[in-house]
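Structure record follows, encoded as structure tokens.
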Amino acid sequence: MATSNSLSAHACPRCGATVAGDATHCGTCGQHQPAPDEAPEAWLGRVIDRKYELVSVLGVGGMGMVFKARRVLVGDEVALKVLFPRFLDSPLQRRLFQDEARAAARLNHPNVVTVFDASIAASTDVAYIAMELLAGHTLKALLKARAPMPPADVLPIMIQICDGLAAAHAMQVIHRDLKPDNVFLEALPNGSSRVKLVDFGIAAMLDADPRDEQRRLLGTLRYMAPEQARNEPADARADLYALGVVLYESLTRKRATGKTITAVINDPVVPPNTYLDETRRLAPPLEALLMALLAKSPADRPASALEVRATLQSLQAALADAEAPAQGAAPAEPAAAEGTPAVPLAPSSPQTATAGSPPRRIFIAGLVLAVLIGALAALLFGR
């Protein structure tokens, strides 16, 4: 969740539409909006459910706040997501919060944030979810600093996102709000990072009966699949469309579609090589995969996250082969974790000349020649 203030935009309790933090009524359905809650800083020092002492504010979003919290009994630290109290009166928001807890509890995967606990404290009526506390930064922060990024740096991130999505989809959970803000890059001791998917706040269970049509339009329009924008049921391929938007943005620093629902539904996606200069042009197979992910019809997209992962791995291998030195590639850097590729935290530093490089060889040859000439001169003049 991005850091914000107490007046951050939120979802309308009645229809779920995004409402400005200072708005008194929803612009979509006219519902009167509850008064703003206390600022997150006012919560610091409180103990939630007699278990979690709030230490600092990590972020604020449309539905709630995230704190660093100390577990009173154990003494370690967790990330605690707390629903804004005003939303406890909304059946829709309660349901979304409960579904997030259930969705996260179903998942146990290295590329999905781990949830330890979730409840609504009976004594204070505060809804919370306790998760692992991660060190690092979001993909959004990385793209802001470095996009457009080279495929060699982007593909490892996308492969790990596919791993997390595949795990969720196998448990009949779709994220429905995949975006750079919800992709966390956890810093690892070896200097690389590991992808963690976070914020399943509007996740849908594929094996559950649909209970509320209002849920369907929830999400972030920029990353929303056309079928979601058309208010149609969405399956796992909606997450793959969002993955395509993230990939497009990572490689071009541009939006895949316009800023309106009509644009998301109807506007054709411009092939990324249209924007990129010759030095940054994507290989045709990578551009083809990207355009397939962004197909308007789910039927025209790849069938699964595992299929996308396999294609990305093939592209990554081909890229590594193309960039390998003619006389043998340098040893690969250690992976972020077993079975996952390393993700760079910062741009690669320029390579320095090695002992076998041409400039070094020329210098050594010149030095040897100078020594031989000096020795010959000594012999001639010494006679």
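Note on naming: chains are A, B, ... as they come in the structure tokens, residues start from 1 per chain, ligands start from 1 in the order shown.
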For this session: Identify, on the basis of only C-alpha atoms, every residue whose closest approach to region 128-144 of chain A does not exceed 9 Å; exclude the query and any residue fewer than 6 positions from it along the same chain; express the result as a ChimeraX atom specification.
Result: /A:48,52,68-69,77-83,97,100-101,113-121,157,179-188,193,195-196,249-250,253,345-346
For the selection you just gave me, I'd like the residues written to a file as a short mmCIF file (atom, residue, chain, number, x, y, z; two decimals), in the first residue's frame, keeping N, CA and C atoms.
```cif
data_model
loop_
_atom_site.label_atom_id
_atom_site.label_comp_id
_atom_site.auth_asym_id
_atom_site.auth_seq_id
_atom_site.Cartn_x
_atom_site.Cartn_y
_atom_site.Cartn_z
N ILE A 48 -3.64 -3.73 19.68
CA ILE A 48 -4.80 -4.27 18.99
C ILE A 48 -5.05 -5.70 19.44
N TYR A 52 -1.08 -6.96 19.46
CA TYR A 52 -0.19 -6.25 18.54
C TYR A 52 -0.08 -4.79 18.96
N LYS A 68 3.83 -1.17 11.21
CA LYS A 68 4.77 -2.10 11.82
C LYS A 68 4.29 -2.31 13.25
N ALA A 69 4.14 -3.57 13.65
CA ALA A 69 3.59 -3.86 14.98
C ALA A 69 4.47 -4.88 15.68
N GLU A 77 8.36 -8.64 15.26
CA GLU A 77 7.60 -7.62 14.56
C GLU A 77 6.89 -8.19 13.34
N VAL A 78 5.72 -7.65 13.04
CA VAL A 78 4.92 -8.06 11.88
C VAL A 78 4.39 -6.80 11.20
N ALA A 79 3.83 -6.98 10.01
CA ALA A 79 3.08 -5.91 9.36
C ALA A 79 1.60 -6.16 9.68
N LEU A 80 0.93 -5.15 10.19
CA LEU A 80 -0.47 -5.30 10.59
C LEU A 80 -1.33 -4.37 9.74
N LYS A 81 -2.21 -4.96 8.95
CA LYS A 81 -3.15 -4.19 8.14
C LYS A 81 -4.44 -4.02 8.93
N VAL A 82 -4.88 -2.77 9.09
CA VAL A 82 -6.07 -2.46 9.89
C VAL A 82 -7.09 -1.78 8.98
N LEU A 83 -8.28 -2.32 8.93
CA LEU A 83 -9.36 -1.72 8.14
C LEU A 83 -9.81 -0.43 8.79
N PHE A 97 -12.70 -7.44 3.07
CA PHE A 97 -11.65 -7.64 4.06
C PHE A 97 -11.56 -9.11 4.46
N GLU A 100 -10.04 -11.10 1.68
CA GLU A 100 -8.59 -10.95 1.60
C GLU A 100 -7.90 -11.89 2.58
N ALA A 101 -8.44 -11.93 3.81
CA ALA A 101 -7.85 -12.81 4.81
C ALA A 101 -7.96 -14.27 4.39
N VAL A 113 2.98 -12.99 -0.05
CA VAL A 113 3.18 -12.59 1.34
C VAL A 113 2.46 -13.56 2.28
N THR A 114 3.12 -13.89 3.38
CA THR A 114 2.57 -14.85 4.34
C THR A 114 1.70 -14.14 5.36
N VAL A 115 0.50 -14.67 5.59
CA VAL A 115 -0.43 -14.13 6.59
C VAL A 115 -0.41 -15.05 7.81
N PHE A 116 -0.22 -14.44 8.99
CA PHE A 116 -0.16 -15.21 10.23
C PHE A 116 -1.49 -15.25 10.97
N ASP A 117 -2.25 -14.17 10.87
CA ASP A 117 -3.41 -14.03 11.74
C ASP A 117 -4.38 -13.04 11.11
N ALA A 118 -5.66 -13.21 11.34
CA ALA A 118 -6.68 -12.27 10.87
C ALA A 118 -7.89 -12.40 11.77
N SER A 119 -8.47 -11.25 12.15
CA SER A 119 -9.63 -11.30 13.04
C SER A 119 -10.27 -9.92 13.13
N ILE A 120 -11.43 -9.87 13.74
CA ILE A 120 -12.07 -8.62 14.15
C ILE A 120 -12.11 -8.64 15.66
N ALA A 121 -11.29 -7.78 16.28
CA ALA A 121 -11.17 -7.78 17.73
C ALA A 121 -12.52 -7.48 18.37
N ILE A 157 11.84 -10.64 -12.79
CA ILE A 157 10.73 -10.18 -11.96
C ILE A 157 9.41 -10.79 -12.44
N LYS A 179 -0.73 -4.92 -9.84
CA LYS A 179 -0.14 -3.67 -10.32
C LYS A 179 1.20 -3.50 -9.62
N PRO A 180 2.05 -2.58 -10.09
CA PRO A 180 3.37 -2.43 -9.47
C PRO A 180 3.33 -2.14 -7.98
N ASP A 181 2.28 -1.45 -7.52
CA ASP A 181 2.15 -1.17 -6.08
C ASP A 181 2.03 -2.45 -5.27
N ASN A 182 1.45 -3.50 -5.86
CA ASN A 182 1.18 -4.74 -5.14
C ASN A 182 2.19 -5.84 -5.44
N VAL A 183 3.31 -5.44 -6.06
CA VAL A 183 4.44 -6.35 -6.26
C VAL A 183 5.58 -5.82 -5.41
N PHE A 184 5.90 -6.53 -4.33
CA PHE A 184 6.95 -6.08 -3.42
C PHE A 184 8.23 -6.84 -3.72
N LEU A 185 9.35 -6.12 -3.76
CA LEU A 185 10.66 -6.73 -3.99
C LEU A 185 11.38 -6.82 -2.65
N GLU A 186 11.34 -8.00 -2.07
CA GLU A 186 11.94 -8.22 -0.75
C GLU A 186 13.46 -8.30 -0.88
N ALA A 187 14.16 -7.47 -0.12
CA ALA A 187 15.62 -7.47 -0.15
C ALA A 187 16.15 -8.72 0.55
N LEU A 188 17.07 -9.42 -0.11
CA LEU A 188 17.68 -10.64 0.42
C LEU A 188 19.13 -10.38 0.80
N SER A 193 16.79 -9.68 -4.82
CA SER A 193 15.49 -9.53 -4.17
C SER A 193 14.55 -10.62 -4.65
N VAL A 195 10.37 -11.52 -5.31
CA VAL A 195 9.04 -10.97 -5.51
C VAL A 195 8.07 -11.53 -4.47
N LYS A 196 7.28 -10.64 -3.91
CA LYS A 196 6.18 -11.02 -3.03
C LYS A 196 4.91 -10.31 -3.51
N GLU A 249 4.58 -1.52 -19.19
CA GLU A 249 5.03 -0.33 -18.49
C GLU A 249 6.51 -0.43 -18.11
N SER A 250 6.94 -1.64 -17.72
CA SER A 250 8.34 -1.84 -17.31
C SER A 250 9.29 -1.64 -18.48
N ARG A 253 7.85 2.40 -20.14
CA ARG A 253 7.46 3.51 -19.26
C ARG A 253 6.21 4.22 -19.80
N LEU A 345 18.45 -5.28 -7.72
CA LEU A 345 17.88 -4.18 -6.95
C LEU A 345 18.28 -2.83 -7.53
N ALA A 346 19.35 -2.77 -8.29
CA ALA A 346 19.84 -1.50 -8.81
C ALA A 346 20.46 -1.74 -10.17
#
```
For this session: Once DSSP has gone over the backbone, tell me which residues of region 116-354 of chain A are in strand (DSSP E or B), as an NGL selection string.
Result: :A and (116-120 or 127-131 or 136-138 or 173-174 or 183-187 or 193-197 or 204-205 or 337 or 340 or 343)
For this session: Work out how far CA of Arg280 (chain A) is from CA of Tyr241 (chain A), in Å to one decimal.
Result: 23.0 Å
Problem set entry | Length of the CA of Ala167 (chain A) to CA of Arg301 (chain A) vector [Å] |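 Answer for the CA of Ala167 (chain A) to CA of Arg301 (chain A) separation: 18.8 Å.
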Exercise. With only C-alpha atoms as the atoms that count, which of A:Ala263, A:Asp277, A:Arg255, A:Arg94 lies nearest to Ala229 (chain A)?
Worked result: A:Ala263
Problem set entry | Which residue of A:Leu197, A:Asp76, A:Thr28, A:Phe67 approaches Ala42 (chain A) most closely, using only C-alpha atoms |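 Of A:Leu197, A:Asp76, A:Thr28, A:Phe67, the one nearest Ala42 (chain A) is A:Phe67, counting only C-alpha atoms.
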Exercise. So, counting only C-alpha atoms, which residue among A:Ala145, A:Ala122, A:Ala39, A:Val74 is closest to Glu53 (chain A)?
Worked result: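 Answer, going by the shortest atom-to-atom distance: A:Val74.
Separating CA of His169 (chain A) from CA of Val112 (chain A) is a distance of 12.0 Å.
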For this session: Enumerate as a ChimeraX atom specification all residues of region 47-132 of chain A assigned to alpha helix (DSSP H) by DSSP on the backbone, naming them with the chain letters and numbers the document uses.
Result: /A:91-106
Same residues, N, CA and C atoms, saved as a PDB file, in the first residue's frame:
```
ATOM      1  N   PRO A  91     -21.346  -3.737   4.609  1.00  0.00           N
ATOM      2  CA  PRO A  91     -21.279  -5.181   4.327  1.00  0.00           C
ATOM      3  C   PRO A  91     -20.291  -5.503   3.208  1.00  0.00           C
ATOM      4  N   LEU A  92     -20.222  -4.627   2.177  1.00  0.00           N
ATOM      5  CA  LEU A  92     -19.308  -4.875   1.069  1.00  0.00           C
ATOM      6  C   LEU A  92     -17.866  -4.830   1.546  1.00  0.00           C
ATOM      7  N   GLN A  93     -17.490  -3.805   2.313  1.00  0.00           N
ATOM      8  CA  GLN A  93     -16.113  -3.677   2.759  1.00  0.00           C
ATOM      9  C   GLN A  93     -15.737  -4.771   3.753  1.00  0.00           C
ATOM     10  N   ARG A  94     -16.655  -5.134   4.620  1.00  0.00           N
ATOM     11  CA  ARG A  94     -16.393  -6.253   5.539  1.00  0.00           C
ATOM     12  C   ARG A  94     -16.109  -7.517   4.749  1.00  0.00           C
ATOM     13  N   ARG A  95     -16.904  -7.729   3.707  1.00  0.00           N
ATOM     14  CA  ARG A  95     -16.760  -8.933   2.899  1.00  0.00           C
ATOM     15  C   ARG A  95     -15.429  -8.936   2.169  1.00  0.00           C
ATOM     16  N   LEU A  96     -15.045  -7.782   1.604  1.00  0.00           N
ATOM     17  CA  LEU A  96     -13.768  -7.693   0.916  1.00  0.00           C
ATOM     18  C   LEU A  96     -12.608  -7.977   1.871  1.00  0.00           C
ATOM     19  N   PHE A  97     -12.702  -7.439   3.072  1.00  0.00           N
ATOM     20  CA  PHE A  97     -11.650  -7.643   4.061  1.00  0.00           C
ATOM     21  C   PHE A  97     -11.565  -9.110   4.464  1.00  0.00           C
ATOM     22  N   GLN A  98     -12.720  -9.719   4.700  1.00  0.00           N
ATOM     23  CA  GLN A  98     -12.738 -11.134   5.069  1.00  0.00           C
ATOM     24  C   GLN A  98     -12.214 -11.998   3.930  1.00  0.00           C
ATOM     25  N   ASP A  99     -12.567 -11.631   2.691  1.00  0.00           N
ATOM     26  CA  ASP A  99     -12.096 -12.404   1.546  1.00  0.00           C
ATOM     27  C   ASP A  99     -10.587 -12.282   1.379  1.00  0.00           C
ATOM     28  N   GLU A 100     -10.036 -11.096   1.676  1.00  0.00           N
ATOM     29  CA  GLU A 100      -8.588 -10.953   1.600  1.00  0.00           C
ATOM     30  C   GLU A 100      -7.904 -11.888   2.585  1.00  0.00           C
ATOM     31  N   ALA A 101      -8.438 -11.930   3.809  1.00  0.00           N
ATOM     32  CA  ALA A 101      -7.852 -12.815   4.815  1.00  0.00           C
ATOM     33  C   ALA A 101      -7.962 -14.275   4.389  1.00  0.00           C
ATOM     34  N   ARG A 102      -9.115 -14.662   3.859  1.00  0.00           N
ATOM     35  CA  ARG A 102      -9.296 -16.055   3.435  1.00  0.00           C
ATOM     36  C   ARG A 102      -8.416 -16.395   2.246  1.00  0.00           C
ATOM     37  N   ALA A 103      -8.319 -15.463   1.301  1.00  0.00           N
ATOM     38  CA  ALA A 103      -7.494 -15.706   0.119  1.00  0.00           C
ATOM     39  C   ALA A 103      -6.036 -15.890   0.513  1.00  0.00           C
ATOM     40  N   ALA A 104      -5.525 -14.990   1.354  1.00  0.00           N
ATOM     41  CA  ALA A 104      -4.126 -15.071   1.758  1.00  0.00           C
ATOM     42  C   ALA A 104      -3.864 -16.319   2.593  1.00  0.00           C
ATOM     43  N   ALA A 105      -4.842 -16.720   3.407  1.00  0.00           N
ATOM     44  CA  ALA A 105      -4.667 -17.906   4.239  1.00  0.00           C
ATOM     45  C   ALA A 105      -4.578 -19.172   3.393  1.00  0.00           C
ATOM     46  N   ARG A 106      -5.178 -19.158   2.207  1.00  0.00           N
ATOM     47  CA  ARG A 106      -5.109 -20.317   1.319  1.00  0.00           C
ATOM     48  C   ARG A 106      -3.723 -20.504   0.724  1.00  0.00           C
TER      49      ARG A 106
END
```
For this session: Write out as a list in words the residues lying within 9 Å of Val269 (chain A), counting only C-alpha atoms and excluding same-chain residues fewer than 5 positions away.
Result: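 Counting only C-alpha atoms, the residues come to Ala256, Thr257, Met291, Leu294 and Ala295 of chain A.
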Dump of N, CA and C atoms for the selected residues, as a short mmCIF file (atom, residue, chain, number, x, y, z; two decimals), in the first residue's frame:
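Saved as out.cif:
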```cif
data_model
loop_
_atom_site.label_atom_id
_atom_site.label_comp_id
_atom_site.auth_asym_id
_atom_site.auth_seq_id
_atom_site.Cartn_x
_atom_site.Cartn_y
_atom_site.Cartn_z
N ALA A 256 -0.40 1.09 -21.40
CA ALA A 256 -0.82 0.20 -22.48
C ALA A 256 -2.10 0.69 -23.13
N THR A 257 -2.96 1.37 -22.37
CA THR A 257 -4.23 1.88 -22.90
C THR A 257 -4.47 3.30 -22.39
N MET A 291 1.94 -8.69 -26.56
CA MET A 291 0.69 -8.37 -27.24
C MET A 291 -0.37 -9.43 -26.99
N LEU A 294 -2.02 -8.82 -23.69
CA LEU A 294 -2.88 -7.65 -23.71
C LEU A 294 -4.04 -7.79 -24.70
N ALA A 295 -4.32 -8.99 -25.14
CA ALA A 295 -5.45 -9.22 -26.02
C ALA A 295 -6.75 -8.82 -25.33
#
```
Exercise. Which of these residues is nearest to Asn273 (chain A), using only C-alpha atoms: A:Trp43, A:Tyr248, A:Tyr223, A:Phe87?
Worked result: A:Tyr248
Exercise. Hey, what's within 12 Å of Ala318 (chain A) if we count only C-alpha atoms and toss same-chain stuff fewer than 5 positions away? As a PyMOL selection string, please?
Worked result: chain A and resi 151-152+155+283+285-286+311-313+323-324
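Closest approach to Ser314 (chain A) among A:Gly191, A:Gly61, A:Gly30, A:Pro156: A:Pro156, based on only C-alpha atoms.
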